[in-house]
Amino acid sequence: MKARIAEVFDSVQGEGIYLGERQVFVRFFGCNLSCSFCDTRLNRFVEYDPEELFDEIKLYQDGFHSISFTGGEPLLQHLFLKEVLKLNKKHGYKNYLETNGTLHHQLEEVIGDIDIVAMDVKLPSSSGMGQLWNMHYHFLKIASQKEVFIKAIISEETSLEDLKAALALIREVDSSCIMVLQPNSSQPADRLKEKIENFSLICSREKVTACVIPQMHKVVGVK
Ligand code: SF4
């Protein structure tokens with residue numbers, strides 16, 4: 001079984017609640033969405049079988065927090081992912097999945113070997129992707145078997161209605177889930193400031209724990 005992998009590298013996590021943790025990143029090629037704010041346009045890949053990828057992961061020095069499977073969308077190649085997750089677990093590594101939160105059937109097949117799920121919620125007004133709420137609902141139900149947090153990109157275009165729909169989803173499925181509000185890094189911070197402050201306040205009023213965390217790798221200039 002082969003999978004298309006765009007790159008394998010070590011760095012520090014630049015997003016979400018594990019910001020700054022050292023990780024080995026495995027970037028899968030290909031995505032089932034095409035978000036308007038996407039900064040991951042991939043055009044090259046190398047084919048690996050699960051053992052080849054695991055051997056490459058092992059080349060990195062110990063001392064990292066976890067192996068981050070990112071993309072693209074890793075769950076598009078879930079049968080391959082399942083094999084690598086198992087090899088990692090046998091070796092004592094922690095598996096961290098970064099995902100767009102839509103492929104719930106595929107998640108169901110791999111959730112047993114995942115430790116942490118960093119799940120995007122695509123707010124229609126900022127992603128341009130239409131309504132994905134039903135997919136996100138089923139996805140979060142499965143992801144909440146493990147540690148999970150949600151990340152939403154906040155742009156000038158993001159509507160209050162979409163934020164409230166995301167908060168309702170969290171309250172209904174897993175009220176302990178943390179919501180990360182991530183300012184769209186391609187828009188000027190001063191134009192987002194007021195909206196971010198207001199959204200953060202609304203999260204707290206609606207009893208959802210929220211953190212405002214920008215993409216730090218862009219701020220400090222690491223990969
Ligand atoms: S889900 Fe992620 S990788 Fe896929 S298009 Fe959206 S931002 Fe890009």
# chains A, B, ... in the order shown; residues from 1 in each chain; ligands from 1
$ residues_near_ligand --ligand "ligand 1" --cutoff "9 Å" --atoms "only C-alpha atoms and all ligand atoms" --output "list of chain:residue names"
A:Phe29, A:Gly30, A:Cys31, A:Asn32, A:Leu33, A:Ser34, A:Cys35, A:Ser36, A:Phe37, A:Cys38, A:Asp39, A:Thr40, A:Arg41, A:Leu42, A:Thr70, A:Gly71, A:Gly72, A:Glu73, A:Thr99, A:Asn100, A:Gly101, A:Thr102, A:Asp120, A:Lys122, A:Ser127, A:Met129
$ select_by_dssp --residues "range 3-196 of chain A" --states "strand (DSSP E or B)" --output "ChimeraX atom specification"
/A:3-12,22-28,46-48,66-70,95-99,116-120,147-154,178-183
$ write_last_selection --atoms "N, CA and C atoms" --output "short mmCIF file (atom, residue, chain, number, x, y, z; two decimals), in the first residue's frame"
data_model
loop_
_atom_site.label_atom_id
_atom_site.label_comp_id
_atom_site.auth_asym_id
_atom_site.auth_seq_id
_atom_site.Cartn_x
_atom_site.Cartn_y
_atom_site.Cartn_z
N ALA A 3 1.21 5.66 -0.21
CA ALA A 3 0.50 6.93 -0.02
C ALA A 3 1.34 8.07 -0.59
N ARG A 4 0.65 9.15 -0.93
CA ARG A 4 1.33 10.33 -1.45
C ARG A 4 1.63 11.29 -0.30
N ILE A 5 2.93 11.48 -0.06
CA ILE A 5 3.37 12.32 1.05
C ILE A 5 4.13 13.52 0.46
N ALA A 6 3.72 14.71 0.84
CA ALA A 6 4.35 15.92 0.29
C ALA A 6 5.68 16.21 0.96
N GLU A 7 5.77 15.99 2.28
CA GLU A 7 7.04 16.24 2.98
C GLU A 7 7.01 15.66 4.38
N VAL A 8 8.23 15.37 4.89
CA VAL A 8 8.42 14.95 6.29
C VAL A 8 9.51 15.86 6.84
N PHE A 9 9.24 16.48 7.99
CA PHE A 9 10.24 17.41 8.55
C PHE A 9 9.97 17.57 10.04
N ASP A 10 10.95 18.10 10.76
CA ASP A 10 10.69 18.41 12.17
C ASP A 10 10.69 19.92 12.37
N SER A 11 9.84 20.35 13.27
CA SER A 11 9.71 21.79 13.55
C SER A 11 8.93 21.94 14.85
N VAL A 12 8.47 23.16 15.09
CA VAL A 12 7.59 23.37 16.26
C VAL A 12 6.17 23.63 15.76
N ARG A 22 7.66 20.65 20.04
CA ARG A 22 8.43 20.07 18.93
C ARG A 22 7.70 18.85 18.39
N GLN A 23 7.61 18.76 17.09
CA GLN A 23 6.93 17.62 16.47
C GLN A 23 7.66 17.20 15.21
N VAL A 24 7.44 15.95 14.83
CA VAL A 24 7.79 15.52 13.48
C VAL A 24 6.51 15.64 12.66
N PHE A 25 6.59 16.32 11.53
CA PHE A 25 5.41 16.56 10.70
C PHE A 25 5.43 15.66 9.47
N VAL A 26 4.30 15.04 9.21
CA VAL A 26 4.12 14.26 7.98
C VAL A 26 2.98 14.94 7.21
N ARG A 27 3.34 15.58 6.10
CA ARG A 27 2.32 16.32 5.35
C ARG A 27 1.79 15.47 4.20
N PHE A 28 0.52 15.12 4.28
CA PHE A 28 -0.11 14.31 3.23
C PHE A 28 -0.47 15.20 2.04
N VAL A 46 6.01 12.38 -2.75
CA VAL A 46 6.80 11.15 -2.89
C VAL A 46 5.91 10.02 -2.40
N GLU A 47 5.98 8.88 -3.07
CA GLU A 47 5.17 7.75 -2.61
C GLU A 47 5.95 6.93 -1.59
N TYR A 48 5.27 6.61 -0.50
CA TYR A 48 5.86 5.80 0.58
C TYR A 48 4.96 4.61 0.84
N SER A 66 5.23 14.75 19.69
CA SER A 66 4.34 13.83 18.98
C SER A 66 4.65 13.87 17.48
N ILE A 67 3.97 12.95 16.77
CA ILE A 67 4.07 12.95 15.30
C ILE A 67 2.79 13.60 14.79
N SER A 68 2.95 14.69 14.06
CA SER A 68 1.78 15.41 13.55
C SER A 68 1.49 14.99 12.11
N PHE A 69 0.30 14.43 11.90
CA PHE A 69 -0.15 14.08 10.55
C PHE A 69 -1.00 15.23 10.06
N THR A 70 -0.52 15.88 9.01
CA THR A 70 -1.16 17.10 8.54
C THR A 70 -1.33 17.03 7.03
N ASN A 95 0.44 10.11 18.59
CA ASN A 95 -0.09 10.50 17.28
C ASN A 95 -1.03 11.70 17.39
N TYR A 96 -0.74 12.71 16.58
CA TYR A 96 -1.49 13.99 16.60
C TYR A 96 -2.04 14.19 15.18
N LEU A 97 -3.35 14.29 15.06
CA LEU A 97 -3.97 14.41 13.73
C LEU A 97 -4.48 15.83 13.52
N GLU A 98 -3.99 16.48 12.45
CA GLU A 98 -4.52 17.79 12.05
C GLU A 98 -5.43 17.55 10.86
N THR A 99 -6.69 17.95 10.99
CA THR A 99 -7.67 17.54 10.00
C THR A 99 -8.72 18.62 9.76
N ILE A 116 -4.40 12.80 19.91
CA ILE A 116 -4.92 14.17 19.93
C ILE A 116 -5.47 14.51 18.54
N VAL A 117 -6.66 15.10 18.51
CA VAL A 117 -7.24 15.55 17.24
C VAL A 117 -7.31 17.07 17.25
N ALA A 118 -6.64 17.69 16.29
CA ALA A 118 -6.74 19.14 16.08
C ALA A 118 -7.68 19.33 14.89
N MET A 119 -8.91 19.66 15.20
CA MET A 119 -9.98 19.63 14.18
C MET A 119 -10.37 21.02 13.72
N ASP A 120 -10.35 21.25 12.43
CA ASP A 120 -10.86 22.52 11.90
C ASP A 120 -12.38 22.49 11.87
N GLU A 147 -8.65 13.17 23.06
CA GLU A 147 -8.48 14.61 23.28
C GLU A 147 -8.69 15.35 21.95
N VAL A 148 -9.54 16.35 21.98
CA VAL A 148 -9.82 17.09 20.74
C VAL A 148 -9.96 18.58 21.05
N PHE A 149 -9.44 19.41 20.16
CA PHE A 149 -9.77 20.83 20.21
C PHE A 149 -10.13 21.28 18.81
N ILE A 150 -10.85 22.40 18.75
CA ILE A 150 -11.35 22.90 17.47
C ILE A 150 -10.66 24.21 17.13
N LYS A 151 -10.43 24.38 15.84
CA LYS A 151 -9.77 25.60 15.37
C LYS A 151 -10.64 26.21 14.27
N ALA A 152 -10.89 27.51 14.38
CA ALA A 152 -11.67 28.19 13.34
C ALA A 152 -10.92 29.44 12.91
N ILE A 153 -10.79 29.60 11.60
CA ILE A 153 -10.14 30.81 11.07
C ILE A 153 -11.14 31.97 11.11
N ILE A 154 -10.70 33.07 11.68
CA ILE A 154 -11.55 34.25 11.75
C ILE A 154 -11.02 35.31 10.79
N ILE A 178 -12.11 22.78 23.59
CA ILE A 178 -11.61 24.16 23.50
C ILE A 178 -11.74 24.66 22.07
N MET A 179 -12.17 25.91 21.95
CA MET A 179 -12.29 26.56 20.63
C MET A 179 -11.12 27.51 20.45
N VAL A 180 -10.32 27.29 19.42
CA VAL A 180 -9.23 28.21 19.10
C VAL A 180 -9.70 29.17 18.01
N LEU A 181 -9.66 30.44 18.31
CA LEU A 181 -9.98 31.46 17.30
C LEU A 181 -8.66 31.88 16.67
N GLN A 182 -8.48 31.57 15.39
CA GLN A 182 -7.20 31.84 14.72
C GLN A 182 -7.39 32.95 13.69
N PRO A 183 -6.83 34.13 13.97
CA PRO A 183 -6.99 35.22 12.99
C PRO A 183 -6.40 34.83 11.63
#
$ closest_residue --among "A:Lys164, A:Leu169, A:Glu15, A:Leu81" --to "Leu201 in chain A" --atoms "only C-alpha atoms"
A:Lys164
$ residues_around --residues "Gly92 in chain A" --least-positions-apart "2" --cutoff "12 Å" --atoms "only C-alpha atoms" --output "VMD selection string"
chain A and resid 58 62 64 to 67 85 to 90 94 to 95 113 115
$ residues_around --residues "Glu83 in chain A" --least-positions-apart "4" --cutoff "10 Å" --atoms "only C-alpha atoms" --output "mmCIF file with all heavy atoms, in the first residue's frame"
data_model
loop_
_atom_site.group_PDB
_atom_site.id
_atom_site.type_symbol
_atom_site.label_atom_id
_atom_site.label_comp_id
_atom_site.auth_asym_id
_atom_site.auth_seq_id
_atom_site.Cartn_x
_atom_site.Cartn_y
_atom_site.Cartn_z
ATOM 1 N N MET A 1 0.845 -1.194 0.000
ATOM 2 C CA MET A 1 0.000 0.000 0.000
ATOM 3 C C MET A 1 0.886 1.252 0.000
ATOM 4 O O MET A 1 1.795 1.369 0.794
ATOM 5 C CB MET A 1 -0.857 -0.020 1.263
ATOM 6 C CG MET A 1 -1.832 1.100 1.364
ATOM 7 S SD MET A 1 -2.478 1.271 3.047
ATOM 8 C CE MET A 1 -2.725 -0.431 3.542
ATOM 9 N N ASP A 49 5.537 3.505 1.310
ATOM 10 C CA ASP A 49 4.686 2.514 1.972
ATOM 11 C C ASP A 49 4.815 2.748 3.472
ATOM 12 O O ASP A 49 5.707 3.486 3.924
ATOM 13 C CB ASP A 49 4.977 1.078 1.500
ATOM 14 C CG ASP A 49 6.339 0.566 1.896
ATOM 15 O OD1 ASP A 49 6.818 0.941 2.979
ATOM 16 O OD2 ASP A 49 6.920 -0.211 1.125
ATOM 17 N N PRO A 50 3.921 2.170 4.296
ATOM 18 C CA PRO A 50 3.897 2.526 5.727
ATOM 19 C C PRO A 50 5.240 2.303 6.428
ATOM 20 O O PRO A 50 5.684 3.141 7.219
ATOM 21 C CB PRO A 50 2.819 1.597 6.300
ATOM 22 C CG PRO A 50 1.915 1.324 5.155
ATOM 23 C CD PRO A 50 2.794 1.281 3.942
ATOM 24 N N GLU A 51 5.910 1.196 6.114
ATOM 25 C CA GLU A 51 7.191 0.907 6.791
ATOM 26 C C GLU A 51 8.251 1.924 6.398
ATOM 27 O O GLU A 51 9.068 2.339 7.235
ATOM 28 C CB GLU A 51 7.671 -0.513 6.455
ATOM 29 C CG GLU A 51 6.837 -1.637 7.070
ATOM 30 C CD GLU A 51 5.490 -1.829 6.401
ATOM 31 O OE1 GLU A 51 5.338 -1.413 5.224
ATOM 32 O OE2 GLU A 51 4.574 -2.387 7.044
ATOM 33 N N PHE A 54 7.568 5.062 8.363
ATOM 34 C CA PHE A 54 7.918 4.857 9.777
ATOM 35 C C PHE A 54 9.438 4.904 9.961
ATOM 36 O O PHE A 54 9.939 5.520 10.910
ATOM 37 C CB PHE A 54 7.339 3.527 10.253
ATOM 38 C CG PHE A 54 7.663 3.199 11.677
ATOM 39 C CD1 PHE A 54 7.287 4.053 12.704
ATOM 40 C CD2 PHE A 54 8.360 2.048 11.994
ATOM 41 C CE1 PHE A 54 7.594 3.763 14.032
ATOM 42 C CE2 PHE A 54 8.680 1.748 13.319
ATOM 43 C CZ PHE A 54 8.294 2.604 14.334
ATOM 44 N N HIS A 78 -6.645 7.136 4.487
ATOM 45 C CA HIS A 78 -6.782 6.638 5.857
ATOM 46 C C HIS A 78 -6.289 5.208 6.049
ATOM 47 O O HIS A 78 -5.870 4.851 7.147
ATOM 48 C CB HIS A 78 -8.231 6.780 6.329
ATOM 49 C CG HIS A 78 -9.187 5.829 5.699
ATOM 50 N ND1 HIS A 78 -9.595 5.959 4.391
ATOM 51 C CD2 HIS A 78 -9.784 4.720 6.183
ATOM 52 C CE1 HIS A 78 -10.426 4.982 4.105
ATOM 53 N NE2 HIS A 78 -10.555 4.210 5.164
ATOM 54 N N LEU A 79 -6.338 4.382 5.007
ATOM 55 C CA LEU A 79 -5.880 2.993 5.193
ATOM 56 C C LEU A 79 -4.366 2.965 5.409
ATOM 57 O O LEU A 79 -3.852 2.240 6.261
ATOM 58 C CB LEU A 79 -6.268 2.128 3.992
ATOM 59 C CG LEU A 79 -7.778 1.956 3.810
ATOM 60 C CD1 LEU A 79 -8.086 1.140 2.564
ATOM 61 C CD2 LEU A 79 -8.418 1.317 5.046
ATOM 62 N N LEU A 87 2.183 1.505 13.781
ATOM 63 C CA LEU A 87 3.638 1.372 13.939
ATOM 64 C C LEU A 87 4.148 2.386 14.958
ATOM 65 O O LEU A 87 4.960 2.060 15.828
ATOM 66 C CB LEU A 87 4.335 1.574 12.583
ATOM 67 C CG LEU A 87 4.091 0.478 11.535
ATOM 68 C CD1 LEU A 87 4.581 0.934 10.161
ATOM 69 C CD2 LEU A 87 4.786 -0.818 11.934
ATOM 70 N N ASN A 88 3.655 3.607 14.874
ATOM 71 C CA ASN A 88 4.072 4.651 15.837
ATOM 72 C C ASN A 88 3.712 4.270 17.263
ATOM 73 O O ASN A 88 4.516 4.429 18.184
ATOM 74 C CB ASN A 88 3.373 5.984 15.508
ATOM 75 C CG ASN A 88 4.062 6.755 14.406
ATOM 76 O OD1 ASN A 88 5.145 6.380 13.977
ATOM 77 N ND2 ASN A 88 3.438 7.811 13.953
ATOM 78 N N VAL A 110 -9.606 5.008 12.269
ATOM 79 C CA VAL A 110 -8.254 5.229 12.804
ATOM 80 C C VAL A 110 -8.236 5.784 14.226
ATOM 81 O O VAL A 110 -7.169 5.870 14.835
ATOM 82 C CB VAL A 110 -7.423 6.170 11.879
ATOM 83 C CG1 VAL A 110 -7.331 5.625 10.469
ATOM 84 C CG2 VAL A 110 -7.992 7.584 11.858
ATOM 85 N N ASP A 113 -6.003 4.651 17.404
ATOM 86 C CA ASP A 113 -4.562 4.865 17.553
ATOM 87 C C ASP A 113 -4.171 6.352 17.543
ATOM 88 O O ASP A 113 -2.991 6.674 17.413
ATOM 89 C CB ASP A 113 -3.798 4.116 16.451
ATOM 90 C CG ASP A 113 -3.796 2.620 16.729
ATOM 91 O OD1 ASP A 113 -3.477 2.227 17.866
ATOM 92 O OD2 ASP A 113 -4.159 1.846 15.827
#
$ closest_residue --among "A:Ser175, A:Ser185, A:Ser155, A:Gln106" --to "Pro124 in chain A" --atoms "only C-alpha atoms"
A:Ser155
